[in-house]
Amino acid sequence: MTANPSVFLLMVNGQIESANFPEFDDLYCKYCFVYGHDWAPTSGLEEGISQITSKSRDTQQNFVWNFPIDISFKSTNPFGWPQIVVSVYGPDVFGNDVVRGYGAVHIPFTPGRHKRTIPMFVPESSSVLQKFTSWFMGRRPEFTDPKVVAQGEGREVTRVRSQGFITLSFNVVTKDMKNLGYDTTTADLQNPSVSTVTDASYRT
Amino acid sequence: MASTTNLREKIKSKRKALQESLTRTRDDIDTQALVNSEMGTNKESQQTAVKEIADNEEEQVENLKRTLKAQRQRRKKPLLEDATDMPTEELVEDLSTVVRGKRTLPPISLSSPRTSYAEFSMRERMREKLKAARSKAESVLQQETSSESLRRLKNLRDAETVTRFDTELDDDEFRRSRDNVSPLSSRVKFRDIVNRLKQKPQTQTGFPTAEEAYNFFTFNFDPEPPEEKPKKKRRSRQDQEEGEEEEAQEEEEEEEEEETAVSGEQEGEAEKDEDAPLVKDQDEDLFIIDQTAQDFLEYKAAECEDYNSRLLKEKEVLFTPSILTVPASHKVPENKQPRFLEDEGLYVGERPEVSLTNQNILENRLLRQEEGKRWFGDDGRIMALPDPIKESSTRPPVFSLEEDVDPALETVYRKAVKSKYTNRYIVGAGDPQGDFQLDIDVSGLIFIHHPLFSREHVLAAKLAQMYDQYLTRQQKNLTSLLTDKLHALRNAIRNITEQHDGQILNPVMQHRIAEYKCEIRHTRKLRDAEQEKDRTLLKGIVKIWKEIKALRDFQRFTNTPLKLCLRREAVDRRADERLFESEIQAEIHELSEEFEEEYQKQLSEYKAKYAEWKAWKKKQKAKRKKKKKQRAEEEDEDGQEKESDEELGEEPPKPDPPGELDVAALEQQVREKANLSRRKPGESNLIAELTSAGNVTPNELCPRGEIMRREDTLKRSIYTKVLYNNKEVSRTASRTLNSDFRVHFGQIFNLKIVNWPESVKLQVFEMVGSSTTMLAEVYVPLPDTTVLTGNAPSEELEFSSNQRVMFDHEGVGSDVPFSFEADGSNKLILLTSGKLSCSVSWAVGENGAPLVPPMSQQTGGIQSAIKQLDAIACIGTSGVSDMKKLAKWAAESRLDPNDPSNAALMQLLTIATSGEVQIPDFFRLEQLQEEFNFASEEELQRSKRFRLLELRSQEVAEFRNYKRVPALDREISEKVFQEYEKRLREREIIDTSDHLDAHRALVAKYLQKVRESVINRFLIAKHHYLLSDLVVEEEVPSIGVLGISLFKLAEPKRPLKPRRKERKKVTAQNLSDGDIKLLINVIRAYDIPIRKPNTSKPSVASRSARSFTEAFAAGQPSQSPTQSSDWPLNQVLIRPFVEVTFQRTVRQTTTADGPNPNWNEELELPFRAPNGDYSTASLQSVKEEVFINVFDEVVYDVIEDDRERGSGIHTRVERHWLGAVRIPFTTIYFQSRIDGTFKINTPPVLLGYSKERSLAGEGGYDAVRCLSEGSYITLFITIEPQLVPGETVREKFDTQEDEKLLQAADKFQKEAALKFPGRQCLTTVIDISGKTVFITRYVKSLNPPQELLDASPNNSQEASELVARFVSLIPSLPDSVSFAGICDLWSTCDQFLDLLAGDEEEHAVLLCNYFLAMGKKAWLIIGNAIPEGPTAYILTYEQSQYVIWNPSSGQFYSQYDTFCPLQSVGCLVNADNVWFNIQQYDTPMRMSFDISKAKFWKPFFSRSFSHPGLSSIQPEELVYCRTDKAAAAELQDRIEKILKEKIMEWRPRHPTRWNRYCTSTLRQFLPKLELNQGKDVGDDHRMELQSLLGDYRISGFPIHMPFSEIRPVIEAVYSTGVHNIEVSNVEFALAVHVQPYPNNVLSVWVYVASLIRNR
């Protein structure tokens, strides 16, 4: 038993760049992280709420937040690798704040720059009548906890509807992963940052 | 195109020619032009619609002038030069245009005659001139224009680089010419537009309106400007158009149009063809103008394409695929037929479902593409993968844990039934060559009778039947066969006789002849019978046919096509006669011979008999004679004879001599017979022929009844099911019933069989519309093993059904009597019947081998049959590993390589056979598993880290939320597992050290086990999610809710009496330490004990013989304030404060004064969940309690020296514990808030304090308060933020209750919840084994321990109090703690007494049962109380009033007691029934407990649903073990020791001295307290203490509690804070007393006191 148990570190910074939600306007988003028992955040913010953004006037009608994320984790076990859960909210026609989308994605494993576009969805009302009343009352169905979307258990009872997309970019740095025997970089990687950037751009 | 130079020249010449005539015509023309141009500008400025033009003319002209003036000024300079030319140009242009118009367009005939004379004459003149000019210039012009335009075009296009000056020499002239020409054409154009627009009105009128005309002639125009401005304008336009030649062309055409309108008179002039080039050329020539920026502007009407042309254009671009089916020939390569793999027997998967329309669209689209055909498969359909959708859902069914599963959806358990035939497999079926096949050929069926038969049909069927018979007889031709045989026999006899002619026949021969003769006789008889049959059959046929004919005549229509023909076969009459005669003769001869023979035989017989008779007669005579002699004459002969008869009974009858042969009679007989059965000689041979050539009368000629019958017939169809071993294997297609009631199936079913055939059955079904009825079942005999498909005869199996069918039409029905006769006699009843022709045979294999199972092994083993289907079973597991064998098997069993179920195997085999890949020498189902085995099993087992992870994922309690499993094995300490392993080890071993008591240790173990099993169940149930667990969704608001929310709007914003509002609830998931706070609002307290002056005398109140009535008597406190005389002396009664302890956090209020203090303070205590796990389950299992202690703050003067009093204040603050309220955290958690007045648990004796009350002057309020003794505190407790309490498990438990009862219970509860949502209604509960049990089963009278009853035999009151106390001494352990958040478990009384732990329900049930045994009327109350929340109390009826008992504390209350902790009553339960409270109020004080009143109490079992006699689940009798007194004493010592150690431990900085004397005194005192059940007996004791310890100031108290474990005792002592006194000379006294009760129930008393020596 050593005094300092061996851990590896995962440092993530990046931003919630933009989103594409047709039909909606004036959205803001929240993010939080879901991670396993073996993980602990060491620094940075685990949760955050962005500013409200209106959609751009151009044809793309993107929502740009550029909301920074900066967090470091330490862990002993890649099991339960952190996921970022993003939920987007905005006013409906009556001005009630309703949820516009939930989405989650794992923090990229490989160090480097990554861009991720994740689809967003919301739970559906369980009946047409409820759909109407929820629309009318401005209380749309929501997940009891946004973190639900990062787990598989219990999802079989829900039905969801697709709403839009959100784009995140990550800069990932890991430390001591290799020491513990976890090799996440590709073998022929000479210049990691370049290749991942191109990778990412292809991917998105 | 003419050249530009030509044009220029032409223009010049034209100008000259026309200049002379200008003077005359000028004015006219000018004005004309002007008018036109005006209109043009008018249009150009787009001011008005065409019709208005005439009206606004003047104004427009003015406008125009103004605008154009400006323009002109701009261009003045270039124009100045041309100013002189202008008029001429105008003229020329005008003329030319006029001419051109005439040329192209037909004149408008209407307008021409109306033209004014002036116009006409003017035009005439112009025409003449023009003619002259044209003839001159004609040829030249053409060239000029074309060249000019070309050049200019070029110039314009590259205006920068090339200028016209490059080519043009005479600049001046060029400019002139250009300027001259351009206005012309431009004006023309301009006018074009105008005229086009004007066309309509003009053509309508034919000439200008009156006003126009007037203007035309009278208006004095300013000649210059109007002429210039259009010119300029036009020029600018022209410039642009010039670039676009096409447009120019267009406009020329427009020009032409325009002319027709302007001039109405162009008829009759045909010579203008030559003009066309001229004008065109001119036009283009005129384009050359100087350019200004504006010149490039063009005004044009918006282009609009009409719909049809757009469609046409779109057609080129767009493609709309047709929805019509593409013919297959388009989709397959040419010269190829579509090939259907499926028909060839190959496996093709099910195609996904696509609607035909969409498929067609897609096909059409694909075919448009190049290479589109490669999308189509060989069968001409779009290639498709097999349908990926599984037939059955793979998603597990959603577990509905709700009670209300739709009964229709509930699964019904059916016991598995083993088929009789399942094990009757045929041995060898698995052999590759041994697949056995049974062919069942169902060819068709014929109805002999069918309900829909008409009468004619009945007859026809009969006829057909007879005809069939006839035919078969014909075929067999028995008659002729027998006749031949007869002949042959006769010949044989003749031969024999001839051979041995005259000779004596040897016996052999004779015998043979006799045999032959016998044979002949027999044969003849047979033949005769057959002949007769034939004849009657024929007669019958004819008769029926006649009947049919009669019927057809009668009903005037024909139903059956049957037609009988009788063919006569001519016979040679003479030969026939001869044959007949010879036959008869032969027969006669034979008969006579026979007769002769017979005669001879008879004769000989006769002779013999006769001889016998004679002999007898003789003997008789002799006898008679003898008798005669003996007897005399008295007897007459008769008597003698009689006598003799009697004597010789055996007298043979006198034989008759055999009759002589009467040949004539014989012949007669023979002939008669022959006549009857044989065709008469010469009669033609009749051959019946039944044909169906007749015509059936068409429907329209039939009467209505018949039509209905026929229609009904058409509605029916017949099909047959084939059942093999009583299982339906296939069925034929359904065929409609024809009018001839014959159904042809012609289907052969090939059954590949595995089971031995037991039965083959065909079921005939008739379908009418959608309903199907089974007509009959026909068992088909199983074929012999020799019956093979090729040679199997078709069998006709008759069937019939006794179904009764009646019709109201012509159909005769079935099983219904009907008659052919008119009078209805001679009734017939026919049943539906028919013949099914089919054959069953064994199939023949490809190689001709019959596919018949061997007969010998009918009941063979099971394995071989499976072999066919399963590789492992077929070749054995060892075979599976052998690739070759496997391949061989696959080849032999002819696996379909395309079947997906074989895919894995086929893949393996292809690899194996291709030989490219190294064949592994084993075969595994999960081929890749090995690759993923990173470590061996043992290594994994050894790895601590892996073990840790595994345990965590199994949610083992110790590791459930283990954080940060170390990354490396060596970083995991062994300690981690120690506790877990210890627990595992200890599961069996009982450790007594913790529990001080063997029994309790045992119980604890047991409890632990139950808990674990329940928790495991719970953990499983926890993973079943409902939608509400995941998604927050608003309920659909009901009307009521809407109404309330509307009502809320009208509510005052700031009500005068504010109420606590519901706060938002928080799910305890994303919480962390410090987020949750416990808020305790200490409001006030009543009746705190007051300090007692040391000098006071004891007041001895007798509490003994107190009855319930007395106890509840208002205003009569048992303790009269005897010390009221001392009252004024006590300056400070008490200074109480409240201290709240929770999780070792202590908060306290300020100090208040007096026995009724009012604090109204809010205390905030942080809450930490165990292990930082804020999940619901974890919160539910928090065992900590909130201690609310009331202390008295006592200030002592510690100044030892009075002399120092002046200089300083030296006091010591002491606090004396007065009482406590304990509230478990779970109660707060579940109820989310606790609001009420609680009784403070005060010790029975508080040294130095007394409960004094003053009645005087405090009136009613006090009177109410004094109803009950004790101190009270009002509290409000809640958690911030409010947590959502965990819900009970939605698991449906198994049950042994009747389903009906459960449903009724469910309904009862639902109705109750609907009406009174807040009231508890309990009908079913869960017992300790997790089964649902009806609640009344718990209630049963059970005997309390006899000792308790013996203690006070005379006083039932005391006895019941004692019993209640006994029950309350059993420790209370809330279920919610033991079974975290699961549910209430109700244990039976014996279980409860064994466990010695339980919550309110168990206490209540036990107490209730005891009371019942004691003969009381007792009920369980299910309701709400503080602080427990939902709980169970006991209601008894004593001395005409209701008493409420708290089973956990043993206290009792009157129904009208204000301080009764029971707040609401939901329902009452006893052994017979459950009553639900349907009164308006549910507080005990305001309600009636009379359960007989139906409007107050709704019973569960009522008249409609009577009590089914539920037996109790309680034991017959409770057996109590006597308590071991020695053990109790030992426990007492141990507790004392432990507590002393603890107190010393809690005082680490001070020495703790024990006052032994005091301790022993206290110890003596404790049993007395126990004896008095903790009721105040203190005064004498206090006196005693005072006397003993006079010089000590003593404060202390006894604590009483039921014993469960040592830990709660320590907690309780700690919470009093006795140890906190930090005076140096303090001494302590501690005494423990354990009082044993039956069955190991222990009552623990702890007396703690602190002593301070008084100075």
# chains A, B, ... in the order shown; residues from 1 in each chain; ligands from 1
>>> closest_atom_pairs(of="chain A", to="chain B", cutoff="8 Å", atoms="only C-alpha atoms", output="JSON lines")
{"residue": "A:Met1", "atom": "CA", "partner": "B:Glu971", "partner_atom": "CA", "distance": 4.6}
{"residue": "A:Thr2", "atom": "CA", "partner": "B:Glu971", "partner_atom": "CA", "distance": 6.4}
{"residue": "A:Pro5", "atom": "CA", "partner": "B:Glu971", "partner_atom": "CA", "distance": 6.4}
{"residue": "A:Ser6", "atom": "CA", "partner": "B:Ala967", "partner_atom": "CA", "distance": 6.3}
{"residue": "A:Val7", "atom": "CA", "partner": "B:Ala967", "partner_atom": "CA", "distance": 6.7}
{"residue": "A:His37", "atom": "CA", "partner": "B:Lys963", "partner_atom": "CA", "distance": 5.0}
{"residue": "A:Asp38", "atom": "CA", "partner": "B:Arg964", "partner_atom": "CA", "distance": 3.6}
{"residue": "A:Trp39", "atom": "CA", "partner": "B:Arg964", "partner_atom": "CA", "distance": 6.3}
{"residue": "A:Ala40", "atom": "CA", "partner": "B:Arg964", "partner_atom": "CA", "distance": 7.9}
{"residue": "A:Ser75", "atom": "CA", "partner": "B:Arg964", "partner_atom": "CA", "distance": 6.9}
{"residue": "A:Thr76", "atom": "CA", "partner": "B:Ala967", "partner_atom": "CA", "distance": 4.5}
{"residue": "A:Asn77", "atom": "CA", "partner": "B:Ala967", "partner_atom": "CA", "distance": 5.9}
{"residue": "A:Pro123", "atom": "CA", "partner": "B:Val1031", "partner_atom": "CA", "distance": 7.1}
{"residue": "A:Ser125", "atom": "CA", "partner": "B:Glu1033", "partner_atom": "CA", "distance": 7.3}
{"residue": "A:Leu129", "atom": "CA", "partner": "B:Val1036", "partner_atom": "CA", "distance": 7.3}
{"residue": "A:Gln130", "atom": "CA", "partner": "B:Val1036", "partner_atom": "CA", "distance": 5.7}
{"residue": "A:Thr133", "atom": "CA", "partner": "B:Val1036", "partner_atom": "CA", "distance": 6.5}
{"residue": "A:Ser134", "atom": "CA", "partner": "B:Glu1034", "partner_atom": "CA", "distance": 6.6}
{"residue": "A:Arg139", "atom": "CA", "partner": "B:Glu1034", "partner_atom": "CA", "distance": 6.6}
{"residue": "A:Arg140", "atom": "CA", "partner": "B:Glu1033", "partner_atom": "CA", "distance": 6.7}
{"residue": "A:Pro141", "atom": "CA", "partner": "B:Glu1033", "partner_atom": "CA", "distance": 4.4}
{"residue": "A:Glu142", "atom": "CA", "partner": "B:Val1032", "partner_atom": "CA", "distance": 5.0}
{"residue": "A:Phe143", "atom": "CA", "partner": "B:Val1031", "partner_atom": "CA", "distance": 4.2}
{"residue": "A:Thr144", "atom": "CA", "partner": "B:Leu1030", "partner_atom": "CA", "distance": 5.3}
{"residue": "A:Asp145", "atom": "CA", "partner": "B:Leu1030", "partner_atom": "CA", "distance": 7.4}
{"residue": "A:Val148", "atom": "CA", "partner": "B:Leu1030", "partner_atom": "CA", "distance": 7.3}
{"residue": "A:Glu153", "atom": "CA", "partner": "B:His1023", "partner_atom": "CA", "distance": 7.6}
{"residue": "A:Gly154", "atom": "CA", "partner": "B:Tyr1025", "partner_atom": "CA", "distance": 5.2}
{"residue": "A:Arg155", "atom": "CA", "partner": "B:Leu1030", "partner_atom": "CA", "distance": 7.7}
{"residue": "A:Val157", "atom": "CA", "partner": "B:Leu1027", "partner_atom": "CA", "distance": 5.4}
{"residue": "A:Thr158", "atom": "CA", "partner": "B:Leu1027", "partner_atom": "CA", "distance": 6.1}
{"residue": "A:Leu180", "atom": "CA", "partner": "B:Ala967", "partner_atom": "CA", "distance": 7.4}
>>> select_by_dssp(residues="segment 1288-1522 of chain B", states="alpha helix (DSSP H)", output="PyMOL selection string")
chain B and resi 1299-1315+1346-1351+1356-1368+1375-1378+1389-1395+1400-1413
>>> residues_around(residues="Val172 of chain A", least_positions_apart="2", cutoff="12 Å", atoms="only C-alpha atoms", output="PyMOL selection string")
chain A and resi 9-15+69-73+106-115+169-170+174-175+184-185+192-193+196-197
>>> residues_around(residues="Pro1484 of chain B", least_positions_apart="3", cutoff="8 Å", atoms="only C-alpha atoms", output="ChimeraX atom specification")
/B:1455-1456,1462-1465,1487-1488
>>> closest_residue(among="A:Pro68, A:Gly90, A:Gly181, A:Gly138", to="Ser18 of chain A", atoms="only C-alpha atoms")
A:Pro68
>>> residues_around(residues="Pro146 of chain A", least_positions_apart="6", cutoff="8 Å", atoms="only C-alpha atoms", output="PyMOL selection string")
chain A and resi 85-87+102
>>> residues_around(residues="segment 92-96 of chain A", least_positions_apart="5", cutoff="9 Å", atoms="only C-alpha atoms", output="list in words")
Phe24, Asp25, Trp135, Phe136, Met137, Gly138 and Arg139 of chain A
>>> atom_distance(atom1="atom CA of Gln1514 of chain B", atom2="atom CA of Met1414 of chain B")
16.7 Å
>>> residues_around(residues="Leu489 of chain B", least_positions_apart="2", cutoff="12 Å", atoms="only C-alpha atoms", output="list of chain:residue names")
B:Leu482, B:Thr483, B:Asp484, B:Lys485, B:Leu486, B:His487, B:Asn491, B:Ala492, B:Ile493, B:Arg494, B:Asn495, B:Ile496, B:Arg512, B:Ile513, B:Ala514, B:Glu515, B:Tyr516, B:Lys517, B:Cys518, B:Glu519, B:Ile520, B:Arg521, B:His522, B:Thr523, B:Arg524, B:Glu590
>>> closest_residue(among="A:Val99, A:Ile84, A:Val128, A:Met177", to="Val34 of chain A", atoms="only C-alpha atoms")
A:Ile84
